[in-house]
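Containing PDB, C-alpha atoms: my_file-v4.pdb.
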```
ATOM      1  CA  MET A   1      52.975  11.537  20.270  1.00  0.00           C
ATOM      2  CA  ARG A   2      51.993  15.072  19.288  1.00  0.00           C
ATOM      3  CA  LEU A   3      52.121  15.617  15.517  1.00  0.00           C
ATOM      4  CA  SER A   4      54.670  18.148  14.321  1.00  0.00           C
ATOM      5  CA  LEU A   5      53.565  21.442  12.788  1.00  0.00           C
ATOM      6  CA  ASP A   6      56.786  21.804  10.797  1.00  0.00           C
ATOM      7  CA  HIS A   7      56.067  22.476   7.137  1.00  0.00           C
ATOM      8  CA  ARG A   8      52.332  22.719   7.715  1.00  0.00           C
ATOM      9  CA  PHE A   9      51.121  25.964   6.185  1.00  0.00           C
ATOM     10  CA  LEU A  10      47.637  25.427   4.713  1.00  0.00           C
ATOM     11  CA  TYR A  11      45.048  25.174   7.479  1.00  0.00           C
ATOM     12  CA  ALA A  12      41.442  24.617   6.401  1.00  0.00           C
ATOM     13  CA  ILE A  13      38.353  24.784   8.568  1.00  0.00           C
ATOM     14  CA  LEU A  14      35.521  22.355   7.986  1.00  0.00           C
ATOM     15  CA  ASP A  15      32.819  24.746   9.140  1.00  0.00           C
ATOM     16  CA  ALA A  16      29.289  23.373   9.423  1.00  0.00           C
ATOM     17  CA  ALA A  17      27.895  26.793   8.456  1.00  0.00           C
ATOM     18  CA  TYR A  18      29.443  26.483   4.991  1.00  0.00           C
ATOM     19  CA  LEU A  19      28.719  22.847   4.225  1.00  0.00           C
ATOM     20  CA  GLY A  20      25.245  23.495   2.864  1.00  0.00           C
ATOM     21  CA  GLY A  21      24.073  19.956   3.462  1.00  0.00           C
ATOM     22  CA  ARG A  22      27.184  18.323   2.002  1.00  0.00           C
ATOM     23  CA  ASP A  23      28.604  15.269   3.702  1.00  0.00           C
ATOM     24  CA  PRO A  24      31.469  16.449   5.958  1.00  0.00           C
ATOM     25  CA  GLY A  25      33.500  13.318   5.310  1.00  0.00           C
ATOM     26  CA  ALA A  26      33.282  13.779   1.551  1.00  0.00           C
ATOM     27  CA  VAL A  27      34.290  17.435   1.825  1.00  0.00           C
ATOM     28  CA  ALA A  28      37.182  16.514   4.112  1.00  0.00           C
ATOM     29  CA  GLU A  29      38.353  14.046   1.470  1.00  0.00           C
ATOM     30  CA  GLN A  30      38.297  16.833  -1.134  1.00  0.00           C
ATOM     31  CA  LEU A  31      40.410  19.049   1.103  1.00  0.00           C
ATOM     32  CA  VAL A  32      42.915  16.294   1.785  1.00  0.00           C
ATOM     33  CA  GLU A  33      43.147  15.605  -1.939  1.00  0.00           C
ATOM     34  CA  GLY A  34      43.850  19.300  -2.426  1.00  0.00           C
ATOM     35  CA  GLY A  35      46.780  19.175  -0.037  1.00  0.00           C
ATOM     36  CA  VAL A  36      45.631  20.745   3.224  1.00  0.00           C
ATOM     37  CA  ASP A  37      48.157  20.417   6.054  1.00  0.00           C
ATOM     38  CA  LEU A  38      45.753  20.865   8.978  1.00  0.00           C
ATOM     39  CA  LEU A  39      41.985  20.592   9.274  1.00  0.00           C
ATOM     40  CA  GLN A  40      39.793  22.084  11.977  1.00  0.00           C
ATOM     41  CA  VAL A  41      36.232  20.965  12.670  1.00  0.00           C
ATOM     42  CA  ARG A  42      34.007  23.879  13.646  1.00  0.00           C
ATOM     43  CA  ALA A  43      30.280  23.608  14.334  1.00  0.00           C
ATOM     44  CA  LYS A  44      29.442  26.419  16.728  1.00  0.00           C
ATOM     45  CA  ASP A  45      25.732  25.775  17.227  1.00  0.00           C
ATOM     46  CA  ALA A  46      25.667  22.018  16.714  1.00  0.00           C
ATOM     47  CA  SER A  47      24.978  19.348  19.282  1.00  0.00           C
ATOM     48  CA  ASP A  48      27.771  17.287  20.771  1.00  0.00           C
ATOM     49  CA  ALA A  49      26.627  14.335  18.680  1.00  0.00           C
ATOM     50  CA  VAL A  50      26.930  16.320  15.451  1.00  0.00           C
ATOM     51  CA  VAL A  51      30.391  17.623  16.363  1.00  0.00           C
ATOM     52  CA  LEU A  52      31.530  14.102  17.169  1.00  0.00           C
ATOM     53  CA  GLU A  53      30.104  12.799  13.902  1.00  0.00           C
ATOM     54  CA  MET A  54      31.831  15.536  11.906  1.00  0.00           C
ATOM     55  CA  THR A  55      35.107  14.973  13.721  1.00  0.00           C
ATOM     56  CA  ARG A  56      35.094  11.231  13.180  1.00  0.00           C
ATOM     57  CA  ALA A  57      34.264  11.718   9.497  1.00  0.00           C
ATOM     58  CA  ALA A  58      37.145  14.188   9.186  1.00  0.00           C
ATOM     59  CA  LEU A  59      39.492  11.793  10.949  1.00  0.00           C
ATOM     60  CA  ALA A  60      38.563   8.974   8.583  1.00  0.00           C
ATOM     61  CA  ALA A  61      39.593  11.174   5.659  1.00  0.00           C
ATOM     62  CA  CYS A  62      42.602  12.862   7.253  1.00  0.00           C
ATOM     63  CA  ARG A  63      44.375  10.290   9.385  1.00  0.00           C
ATOM     64  CA  PRO A  64      45.505   8.007   6.534  1.00  0.00           C
ATOM     65  CA  ALA A  65      47.089  11.075   4.914  1.00  0.00           C
ATOM     66  CA  GLY A  66      48.770  12.220   8.129  1.00  0.00           C
ATOM     67  CA  VAL A  67      46.700  15.419   8.326  1.00  0.00           C
ATOM     68  CA  PRO A  68      45.977  16.480  11.927  1.00  0.00           C
ATOM     69  CA  VAL A  69      42.350  17.146  12.857  1.00  0.00           C
ATOM     70  CA  ILE A  70      41.701  19.929  15.374  1.00  0.00           C
ATOM     71  CA  VAL A  71      38.370  20.501  17.143  1.00  0.00           C
ATOM     72  CA  ASN A  72      37.224  24.061  17.742  1.00  0.00           C
ATOM     73  CA  ASP A  73      36.592  25.053  21.370  1.00  0.00           C
ATOM     74  CA  ARG A  74      35.779  21.600  22.745  1.00  0.00           C
ATOM     75  CA  PRO A  75      38.630  19.668  24.380  1.00  0.00           C
ATOM     76  CA  ASP A  76      36.182  17.118  25.762  1.00  0.00           C
ATOM     77  CA  LEU A  77      34.911  16.238  22.295  1.00  0.00           C
ATOM     78  CA  ALA A  78      38.431  16.262  20.861  1.00  0.00           C
ATOM     79  CA  VAL A  79      39.410  13.609  23.394  1.00  0.00           C
ATOM     80  CA  ALA A  80      36.187  11.638  22.908  1.00  0.00           C
ATOM     81  CA  ALA A  81      36.759  11.461  19.149  1.00  0.00           C
ATOM     82  CA  ASP A  82      40.499  10.850  19.532  1.00  0.00           C
ATOM     83  CA  ALA A  83      41.223  13.962  17.454  1.00  0.00           C
ATOM     84  CA  ASP A  84      44.712  15.411  17.210  1.00  0.00           C
ATOM     85  CA  GLY A  85      44.072  18.641  19.063  1.00  0.00           C
ATOM     86  CA  VAL A  86      41.869  21.554  20.011  1.00  0.00           C
ATOM     87  CA  HIS A  87      41.736  25.264  19.240  1.00  0.00           C
ATOM     88  CA  VAL A  88      40.513  27.824  21.784  1.00  0.00           C
ATOM     89  CA  GLY A  89      39.604  31.488  21.459  1.00  0.00           C
ATOM     90  CA  GLN A  90      40.243  34.421  23.752  1.00  0.00           C
ATOM     91  CA  ASP A  91      36.881  33.921  25.466  1.00  0.00           C
ATOM     92  CA  ASP A  92      36.946  30.122  25.592  1.00  0.00           C
ATOM     93  CA  LEU A  93      38.503  27.740  28.086  1.00  0.00           C
ATOM     94  CA  ALA A  94      41.857  28.881  29.503  1.00  0.00           C
ATOM     95  CA  VAL A  95      44.911  27.365  27.846  1.00  0.00           C
ATOM     96  CA  ALA A  96      46.114  25.700  31.048  1.00  0.00           C
ATOM     97  CA  GLU A  97      42.765  23.991  31.561  1.00  0.00           C
ATOM     98  CA  ALA A  98      42.506  22.986  27.903  1.00  0.00           C
ATOM     99  CA  ARG A  99      45.981  21.464  28.097  1.00  0.00           C
ATOM    100  CA  ARG A 100      45.057  19.591  31.252  1.00  0.00           C
ATOM    101  CA  ARG A 101      42.041  18.097  29.528  1.00  0.00           C
ATOM    102  CA  ILE A 102      43.703  17.061  26.261  1.00  0.00           C
ATOM    103  CA  GLY A 103      47.063  15.967  27.688  1.00  0.00           C
ATOM    104  CA  ARG A 104      50.579  16.430  26.378  1.00  0.00           C
ATOM    105  CA  ASP A 105      50.165  14.441  23.164  1.00  0.00           C
ATOM    106  CA  ARG A 106      47.613  16.653  21.431  1.00  0.00           C
ATOM    107  CA  ILE A 107      48.022  19.947  19.586  1.00  0.00           C
ATOM    108  CA  LEU A 108      46.709  23.115  21.241  1.00  0.00           C
ATOM    109  CA  GLY A 109      46.140  26.376  19.381  1.00  0.00           C
ATOM    110  CA  LYS A 110      44.808  29.782  20.385  1.00  0.00           C
ATOM    111  CA  SER A 111      43.242  32.755  18.590  1.00  0.00           C
ATOM    112  CA  THR A 112      44.740  36.232  18.968  1.00  0.00           C
ATOM    113  CA  HIS A 113      43.488  39.574  17.698  1.00  0.00           C
ATOM    114  CA  SER A 114      46.231  42.022  18.705  1.00  0.00           C
ATOM    115  CA  PHE A 115      49.994  42.246  19.036  1.00  0.00           C
ATOM    116  CA  GLU A 116      49.723  42.002  22.819  1.00  0.00           C
ATOM    117  CA  GLN A 117      47.588  38.863  22.631  1.00  0.00           C
ATOM    118  CA  ALA A 118      49.980  37.279  20.125  1.00  0.00           C
ATOM    119  CA  VAL A 119      52.955  37.907  22.417  1.00  0.00           C
ATOM    120  CA  ALA A 120      51.037  36.600  25.427  1.00  0.00           C
ATOM    121  CA  ALA A 121      49.971  33.444  23.593  1.00  0.00           C
ATOM    122  CA  GLN A 122      53.578  32.537  22.894  1.00  0.00           C
ATOM    123  CA  ALA A 123      54.245  32.439  26.635  1.00  0.00           C
ATOM    124  CA  GLU A 124      51.417  29.936  27.109  1.00  0.00           C
ATOM    125  CA  ASP A 125      51.447  26.185  26.588  1.00  0.00           C
ATOM    126  CA  VAL A 126      50.239  26.312  22.977  1.00  0.00           C
ATOM    127  CA  ASP A 127      51.707  24.744  19.873  1.00  0.00           C
ATOM    128  CA  TYR A 128      50.562  27.523  17.546  1.00  0.00           C
ATOM    129  CA  PHE A 129      48.543  30.709  17.559  1.00  0.00           C
ATOM    130  CA  ALA A 130      46.293  32.351  14.996  1.00  0.00           C
ATOM    131  CA  VAL A 131      46.278  36.054  14.155  1.00  0.00           C
ATOM    132  CA  GLY A 132      43.223  37.766  12.718  1.00  0.00           C
ATOM    133  CA  PRO A 133      40.855  38.487  11.272  1.00  0.00           C
ATOM    134  CA  ILE A 134      43.235  39.917   8.679  1.00  0.00           C
ATOM    135  CA  PHE A 135      40.437  40.967   6.326  1.00  0.00           C
ATOM    136  CA  ALA A 136      36.694  41.326   6.802  1.00  0.00           C
ATOM    137  CA  THR A 137      35.086  37.905   6.927  1.00  0.00           C
ATOM    138  CA  PRO A 138      31.468  36.711   6.763  1.00  0.00           C
ATOM    139  CA  THR A 139      32.425  33.974   9.229  1.00  0.00           C
ATOM    140  CA  LYS A 140      32.753  36.577  12.001  1.00  0.00           C
ATOM    141  CA  PRO A 141      31.040  39.730  10.729  1.00  0.00           C
ATOM    142  CA  THR A 142      31.226  41.568  14.071  1.00  0.00           C
ATOM    143  CA  TYR A 143      35.037  41.340  14.264  1.00  0.00           C
ATOM    144  CA  VAL A 144      37.017  44.382  13.138  1.00  0.00           C
ATOM    145  CA  PRO A 145      39.815  43.351  10.738  1.00  0.00           C
ATOM    146  CA  VAL A 146      43.293  43.700  12.248  1.00  0.00           C
ATOM    147  CA  GLY A 147      44.923  44.213   8.856  1.00  0.00           C
ATOM    148  CA  LEU A 148      48.279  43.288   7.418  1.00  0.00           C
ATOM    149  CA  GLU A 149      50.175  45.628   9.743  1.00  0.00           C
ATOM    150  CA  LEU A 150      49.615  43.213  12.618  1.00  0.00           C
ATOM    151  CA  VAL A 151      51.143  40.420  10.535  1.00  0.00           C
ATOM    152  CA  ARG A 152      54.182  42.621   9.900  1.00  0.00           C
ATOM    153  CA  ARG A 153      54.566  43.225  13.642  1.00  0.00           C
ATOM    154  CA  VAL A 154      54.041  39.626  14.726  1.00  0.00           C
ATOM    155  CA  ALA A 155      56.211  37.867  12.136  1.00  0.00           C
ATOM    156  CA  PRO A 156      59.620  39.091  13.410  1.00  0.00           C
ATOM    157  CA  VAL A 157      58.873  38.130  17.021  1.00  0.00           C
ATOM    158  CA  ALA A 158      57.062  34.837  16.442  1.00  0.00           C
ATOM    159  CA  SER A 159      58.794  32.043  18.332  1.00  0.00           C
ATOM    160  CA  LYS A 160      56.000  29.554  17.622  1.00  0.00           C
ATOM    161  CA  PRO A 161      54.152  28.698  14.405  1.00  0.00           C
ATOM    162  CA  PHE A 162      51.390  31.152  13.654  1.00  0.00           C
ATOM    163  CA  PHE A 163      48.581  31.191  11.130  1.00  0.00           C
ATOM    164  CA  CYS A 164      46.846  34.198   9.614  1.00  0.00           C
ATOM    165  CA  ILE A 165      43.060  33.943   9.453  1.00  0.00           C
ATOM    166  CA  GLY A 166      40.104  35.986   8.303  1.00  0.00           C
ATOM    167  CA  GLY A 167      38.862  36.634   4.782  1.00  0.00           C
ATOM    168  CA  ILE A 168      41.890  35.017   3.168  1.00  0.00           C
ATOM    169  CA  LYS A 169      41.329  33.779  -0.372  1.00  0.00           C
ATOM    170  CA  SER A 170      43.464  33.014  -3.410  1.00  0.00           C
ATOM    171  CA  ASP A 171      43.331  36.641  -4.579  1.00  0.00           C
ATOM    172  CA  ASN A 172      44.730  38.142  -1.350  1.00  0.00           C
ATOM    173  CA  ALA A 173      46.784  35.322   0.170  1.00  0.00           C
ATOM    174  CA  GLY A 174      49.898  36.634  -1.586  1.00  0.00           C
ATOM    175  CA  ARG A 175      49.580  39.926   0.305  1.00  0.00           C
ATOM    176  CA  VAL A 176      49.451  38.045   3.609  1.00  0.00           C
ATOM    177  CA  LEU A 177      52.600  36.107   2.763  1.00  0.00           C
ATOM    178  CA  ALA A 178      54.364  39.257   1.595  1.00  0.00           C
ATOM    179  CA  ALA A 179      53.606  40.824   4.986  1.00  0.00           C
ATOM    180  CA  GLY A 180      55.432  37.996   6.752  1.00  0.00           C
ATOM    181  CA  GLY A 181      52.729  35.389   7.175  1.00  0.00           C
ATOM    182  CA  ARG A 182      53.683  31.785   6.591  1.00  0.00           C
ATOM    183  CA  GLY A 183      50.663  29.727   7.542  1.00  0.00           C
ATOM    184  CA  ILE A 184      47.143  30.680   6.455  1.00  0.00           C
ATOM    185  CA  VAL A 185      43.709  29.545   7.586  1.00  0.00           C
ATOM    186  CA  VAL A 186      41.034  29.486   4.888  1.00  0.00           C
ATOM    187  CA  VAL A 187      37.323  28.851   5.366  1.00  0.00           C
ATOM    188  CA  SER A 188      34.904  30.319   2.802  1.00  0.00           C
ATOM    189  CA  GLY A 189      37.665  30.678   0.212  1.00  0.00           C
ATOM    190  CA  ILE A 190      37.752  26.883   0.057  1.00  0.00           C
ATOM    191  CA  LEU A 191      34.315  25.722   1.167  1.00  0.00           C
ATOM    192  CA  GLN A 192      32.449  28.149  -1.113  1.00  0.00           C
ATOM    193  CA  ALA A 193      34.650  27.422  -4.116  1.00  0.00           C
ATOM    194  CA  SER A 194      33.059  25.551  -7.009  1.00  0.00           C
ATOM    195  CA  ASN A 195      35.837  22.994  -6.652  1.00  0.00           C
ATOM    196  CA  PRO A 196      37.287  22.852  -3.111  1.00  0.00           C
ATOM    197  CA  THR A 197      40.089  20.514  -4.176  1.00  0.00           C
ATOM    198  CA  SER A 198      41.268  22.917  -6.882  1.00  0.00           C
ATOM    199  CA  ALA A 199      40.986  25.854  -4.460  1.00  0.00           C
ATOM    200  CA  CYS A 200      43.250  24.026  -2.003  1.00  0.00           C
ATOM    201  CA  ARG A 201      45.745  23.182  -4.711  1.00  0.00           C
ATOM    202  CA  ALA A 202      45.978  26.802  -5.847  1.00  0.00           C
ATOM    203  CA  LEU A 203      46.646  28.000  -2.307  1.00  0.00           C
ATOM    204  CA  LYS A 204      49.080  25.164  -1.688  1.00  0.00           C
ATOM    205  CA  ALA A 205      51.034  26.096  -4.808  1.00  0.00           C
ATOM    206  CA  LEU A 206      51.276  29.695  -3.620  1.00  0.00           C
ATOM    207  CA  LEU A 207      52.497  28.597  -0.193  1.00  0.00           C
ATOM    208  CA  ASP A 208      55.024  26.198  -1.687  1.00  0.00           C
ATOM    209  CA  VAL A 209      56.586  29.098  -3.592  1.00  0.00           C
ATOM    210  CA  CYS A 210      56.608  31.515  -0.654  1.00  0.00           C
ATOM    211  CA  CYS A 211      57.364  29.159   2.225  1.00  0.00           C
TER     212      CYS A 211
END
```
This entry written out as C-alpha cells:
Amino acid sequence: MRLSLDHRFLYAILDAAYLGGRDPGAVAEQLVEGGVDLLQVRAKDASDAVVLEMTRAALAACRPAGVPVIVNDRPDLAVAADADGVHVGQDDLAVAEARRRIGRDRILGKSTHSFEQAVAAQAEDVDYFAVGPIFATPTKPTYVPVGLELVRRVAPVASKPFFCIGGIKSDNAGRVLAAGGRGIVVVSGILQASNPTSACRALKALLDVCC
C-alpha cells in the first residue's frame, strides 16, 4: 500500500555530495530523530551499488519510524531496494514509464520549475510535485531561482501536495510558508548544519505552527 503524504511537510534529501564521508545510515537516523516526514536519497554521480547501499541504510533508519524513503531518478534501484518511491525531474524518465516500473504501491514525485510545469504535473500520475528552486542553491548552481512569486501562483491551484525546494533554510523558510508553501525540501540547510537533528527540529517546529 502506498504511504500517505497527508501531514508530511518536512522533506529532507540525503545527498551524497553533502555527506562529507559521514555514514549515510547514521545521518538518516539523525534526520529521523529530528522529525523529518520524508527522506530522499540522492547520489547523482554514484554507482548503482552505492545508491543501493545508501538507500538500504536510509530504509533501516526510516522504516521503523514510518518515514517514506524516496530514490532520486532511479525507479529500478527504488524497486531493487524496496524503497517507498521515486522522484523524477523534467529531463528524467517520463512519469508514465516511471509509474509502470515502480507500480501502483509506491510514491512518485516530479520536479517543476514554472507555473506551466506545475499545472501539467498535476495532470500526471504523480503523488506530489516540487516547485523550485525558490532561492539560489549551491546544490544546483546553474538553475535560475523561480522566487516566491511562483509559490504564490501555485498554492491556490494546487490539487496535489507540493513541496518548495531550493536554498531553503531556517532563516527563510518562514517566507516560503507565508507565500503559500506548505511542504519544504531542505538539503544543505540540514546536512551542513552543525547539528542536523536540531536543524530538523527547528524547521519542524516552524512547520507545525504554520501548517
Checklist entry - Taking all atoms listed in the file into account, which of A:Arg182, A:Tyr128, A:Leu39, A:Ile134 comes nearest Cys210 (chain A)? => result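 Answer, going by the shortest atom-to-atom distance: A:Arg182.
Near Gln192 (chain A), within 10 Å and counting all atoms listed in the file, sit Tyr18, Leu19, Gly20 and Ala199 of chain A; same-chain residues fewer than 6 positions away were not included.
Between Leu150 (chain A) and the candidates A:Asp84, A:Glu116, A:Asp127, A:Asp105, the tightest atom-to-atom separation, counting only C-alpha atoms, involves A:Glu116.
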Next on the checklist: At a cut-off of 9 Å, using all atoms listed in the file, what residues contact Leu206 (chain A)? Leave out same-chain residues fewer than 3 positions from it and give the result as a VMD selection string.
Outcome noted: chain A and resid 170 173 to 174 201 to 203 209 to 211
Checklist entry - Hey, what's within 12 Å of Pro24 (chain A) if we count only C-alpha atoms and toss same-chain stuff fewer than 2 positions away? As number ranges by chain, please? => result A: 13-22, 26-31, 39-43, 50-62, 191
Checklist entry - Smallest atom-to-atom distance to Val67 (chain A): which of A:Leu5, A:Ala46, A:Ala94, A:Ile102, using all atoms listed in the file? => result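 The answer is A:Leu5, which sits nearest to Val67 (chain A).
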Can you list what the PyMOL selection byres ((chain A and resi 110) around 8) grabs from this structure, as a PDB file with C-alpha atoms, keeping the file's coordinate frame?
```pdb
ATOM      1  CA  HIS A  87      41.736  25.264  19.240  1.00  0.00           C
ATOM      2  CA  VAL A  88      40.513  27.824  21.784  1.00  0.00           C
ATOM      3  CA  GLY A  89      39.604  31.488  21.459  1.00  0.00           C
ATOM      4  CA  GLN A  90      40.243  34.421  23.752  1.00  0.00           C
ATOM      5  CA  VAL A  95      44.911  27.365  27.846  1.00  0.00           C
ATOM      6  CA  LEU A 108      46.709  23.115  21.241  1.00  0.00           C
ATOM      7  CA  GLY A 109      46.140  26.376  19.381  1.00  0.00           C
ATOM      8  CA  SER A 111      43.242  32.755  18.590  1.00  0.00           C
ATOM      9  CA  THR A 112      44.740  36.232  18.968  1.00  0.00           C
ATOM     10  CA  ALA A 121      49.971  33.444  23.593  1.00  0.00           C
ATOM     11  CA  VAL A 126      50.239  26.312  22.977  1.00  0.00           C
ATOM     12  CA  TYR A 128      50.562  27.523  17.546  1.00  0.00           C
ATOM     13  CA  PHE A 129      48.543  30.709  17.559  1.00  0.00           C
ATOM     14  CA  ALA A 130      46.293  32.351  14.996  1.00  0.00           C
TER      15      ALA A 130
END
```
Next on the checklist: I need the residue nearest Gly103 (chain A) from this list: A:Leu207, A:Ala12, A:Ala78, A:Ala118. Use all atoms listed in the file for the distance.
Outcome noted: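 The shortest atom-to-atom distance to Gly103 (chain A) comes from A:Ala78.
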Checklist entry - Between A:Pro161, A:Gly34, A:Pro156, A:Gly147, which is the closest to Gln122 (chain A) once you count all atoms listed in the file? => result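 Closest to Gln122 (chain A), using all atoms listed in the file: A:Pro161.
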Give the centre and edge lengths of an axis-aligned box, in Å to one decimal, that holds all listed atoms of region 31-50 of chain A with 8 Å on each side, as lines of an AutoDock Vina configuration file.
```
center_x = 36.6
center_y = 20.4
center_z = 9.2
size_x = 39.2
size_y = 28.1
size_z = 39.2
```
Could you rebuild region 105-129 of chain A with N, CA and C atoms and give it back as an mmCIF file, in the coordinates of the input?
```cif
data_model
loop_
_atom_site.group_PDB
_atom_site.id
_atom_site.type_symbol
_atom_site.label_atom_id
_atom_site.label_comp_id
_atom_site.auth_asym_id
_atom_site.auth_seq_id
_atom_site.Cartn_x
_atom_site.Cartn_y
_atom_site.Cartn_z
ATOM 1 N N ASP A 105 49.945 15.014 24.490
ATOM 2 C CA ASP A 105 50.165 14.441 23.164
ATOM 3 C C ASP A 105 49.277 15.032 22.085
ATOM 4 N N ARG A 106 48.479 16.029 22.430
ATOM 5 C CA ARG A 106 47.613 16.653 21.431
ATOM 6 C C ARG A 106 48.028 18.105 21.188
ATOM 7 N N ILE A 107 47.712 18.579 19.997
ATOM 8 C CA ILE A 107 48.022 19.947 19.586
ATOM 9 C C ILE A 107 47.039 20.911 20.250
ATOM 10 N N LEU A 108 47.556 22.070 20.661
ATOM 11 C CA LEU A 108 46.709 23.115 21.241
ATOM 12 C C LEU A 108 47.021 24.442 20.569
ATOM 13 N N GLY A 109 45.987 25.077 20.027
ATOM 14 C CA GLY A 109 46.140 26.376 19.381
ATOM 15 C C GLY A 109 45.248 27.424 20.011
ATOM 16 N N LYS A 110 45.580 28.696 19.786
ATOM 17 C CA LYS A 110 44.808 29.782 20.385
ATOM 18 C C LYS A 110 44.666 30.944 19.405
ATOM 19 N N SER A 111 43.495 31.571 19.409
ATOM 20 C CA SER A 111 43.242 32.755 18.590
ATOM 21 C C SER A 111 43.787 34.009 19.264
ATOM 22 N N THR A 112 44.326 34.923 18.462
ATOM 23 C CA THR A 112 44.740 36.232 18.968
ATOM 24 C C THR A 112 44.278 37.301 17.987
ATOM 25 N N HIS A 113 44.028 38.496 18.527
ATOM 26 C CA HIS A 113 43.488 39.574 17.698
ATOM 27 C C HIS A 113 44.268 40.876 17.845
ATOM 28 N N SER A 114 45.402 40.830 18.519
ATOM 29 C CA SER A 114 46.231 42.022 18.705
ATOM 30 C C SER A 114 47.676 41.584 18.909
ATOM 31 N N PHE A 115 48.581 42.548 18.815
ATOM 32 C CA PHE A 115 49.994 42.246 19.036
ATOM 33 C C PHE A 115 50.210 41.740 20.461
ATOM 34 N N GLU A 116 49.563 42.387 21.417
ATOM 35 C CA GLU A 116 49.723 42.002 22.819
ATOM 36 C C GLU A 116 49.230 40.580 23.060
ATOM 37 N N GLN A 117 48.105 40.223 22.469
ATOM 38 C CA GLN A 117 47.588 38.863 22.631
ATOM 39 C C GLN A 117 48.499 37.841 21.961
ATOM 40 N N ALA A 118 49.070 38.193 20.821
ATOM 41 C CA ALA A 118 49.980 37.279 20.125
ATOM 42 C C ALA A 118 51.230 37.022 20.959
ATOM 43 N N VAL A 119 51.775 38.057 21.557
ATOM 44 C CA VAL A 119 52.955 37.907 22.417
ATOM 45 C C VAL A 119 52.607 37.063 23.642
ATOM 46 N N ALA A 120 51.449 37.344 24.237
ATOM 47 C CA ALA A 120 51.037 36.600 25.427
ATOM 48 C C ALA A 120 50.811 35.125 25.112
ATOM 49 N N ALA A 121 50.248 34.839 23.956
ATOM 50 C CA ALA A 121 49.971 33.444 23.593
ATOM 51 C C ALA A 121 51.247 32.627 23.497
ATOM 52 N N GLN A 122 52.314 33.261 23.054
ATOM 53 C CA GLN A 122 53.578 32.537 22.894
ATOM 54 C C GLN A 122 54.178 32.121 24.237
ATOM 55 N N ALA A 123 53.765 32.795 25.299
ATOM 56 C CA ALA A 123 54.245 32.439 26.635
ATOM 57 C C ALA A 123 53.395 31.341 27.263
ATOM 58 N N GLU A 124 52.297 30.984 26.593
ATOM 59 C CA GLU A 124 51.417 29.936 27.109
ATOM 60 C C GLU A 124 51.784 28.586 26.495
ATOM 61 N N ASP A 125 51.151 27.551 27.013
ATOM 62 C CA ASP A 125 51.447 26.185 26.588
ATOM 63 C C ASP A 125 50.641 25.829 25.338
ATOM 64 N N VAL A 126 50.892 26.584 24.253
ATOM 65 C CA VAL A 126 50.239 26.312 22.977
ATOM 66 C C VAL A 126 51.283 25.881 21.959
ATOM 67 N N ASP A 127 50.816 25.182 20.946
ATOM 68 C CA ASP A 127 51.707 24.744 19.873
ATOM 69 C C ASP A 127 51.718 25.728 18.714
ATOM 70 N N TYR A 128 50.637 26.498 18.591
ATOM 71 C CA TYR A 128 50.562 27.523 17.546
ATOM 72 C C TYR A 128 49.556 28.569 17.996
ATOM 73 N N PHE A 129 49.583 29.707 17.326
ATOM 74 C CA PHE A 129 48.543 30.709 17.559
ATOM 75 C C PHE A 129 48.079 31.253 16.214
#
```
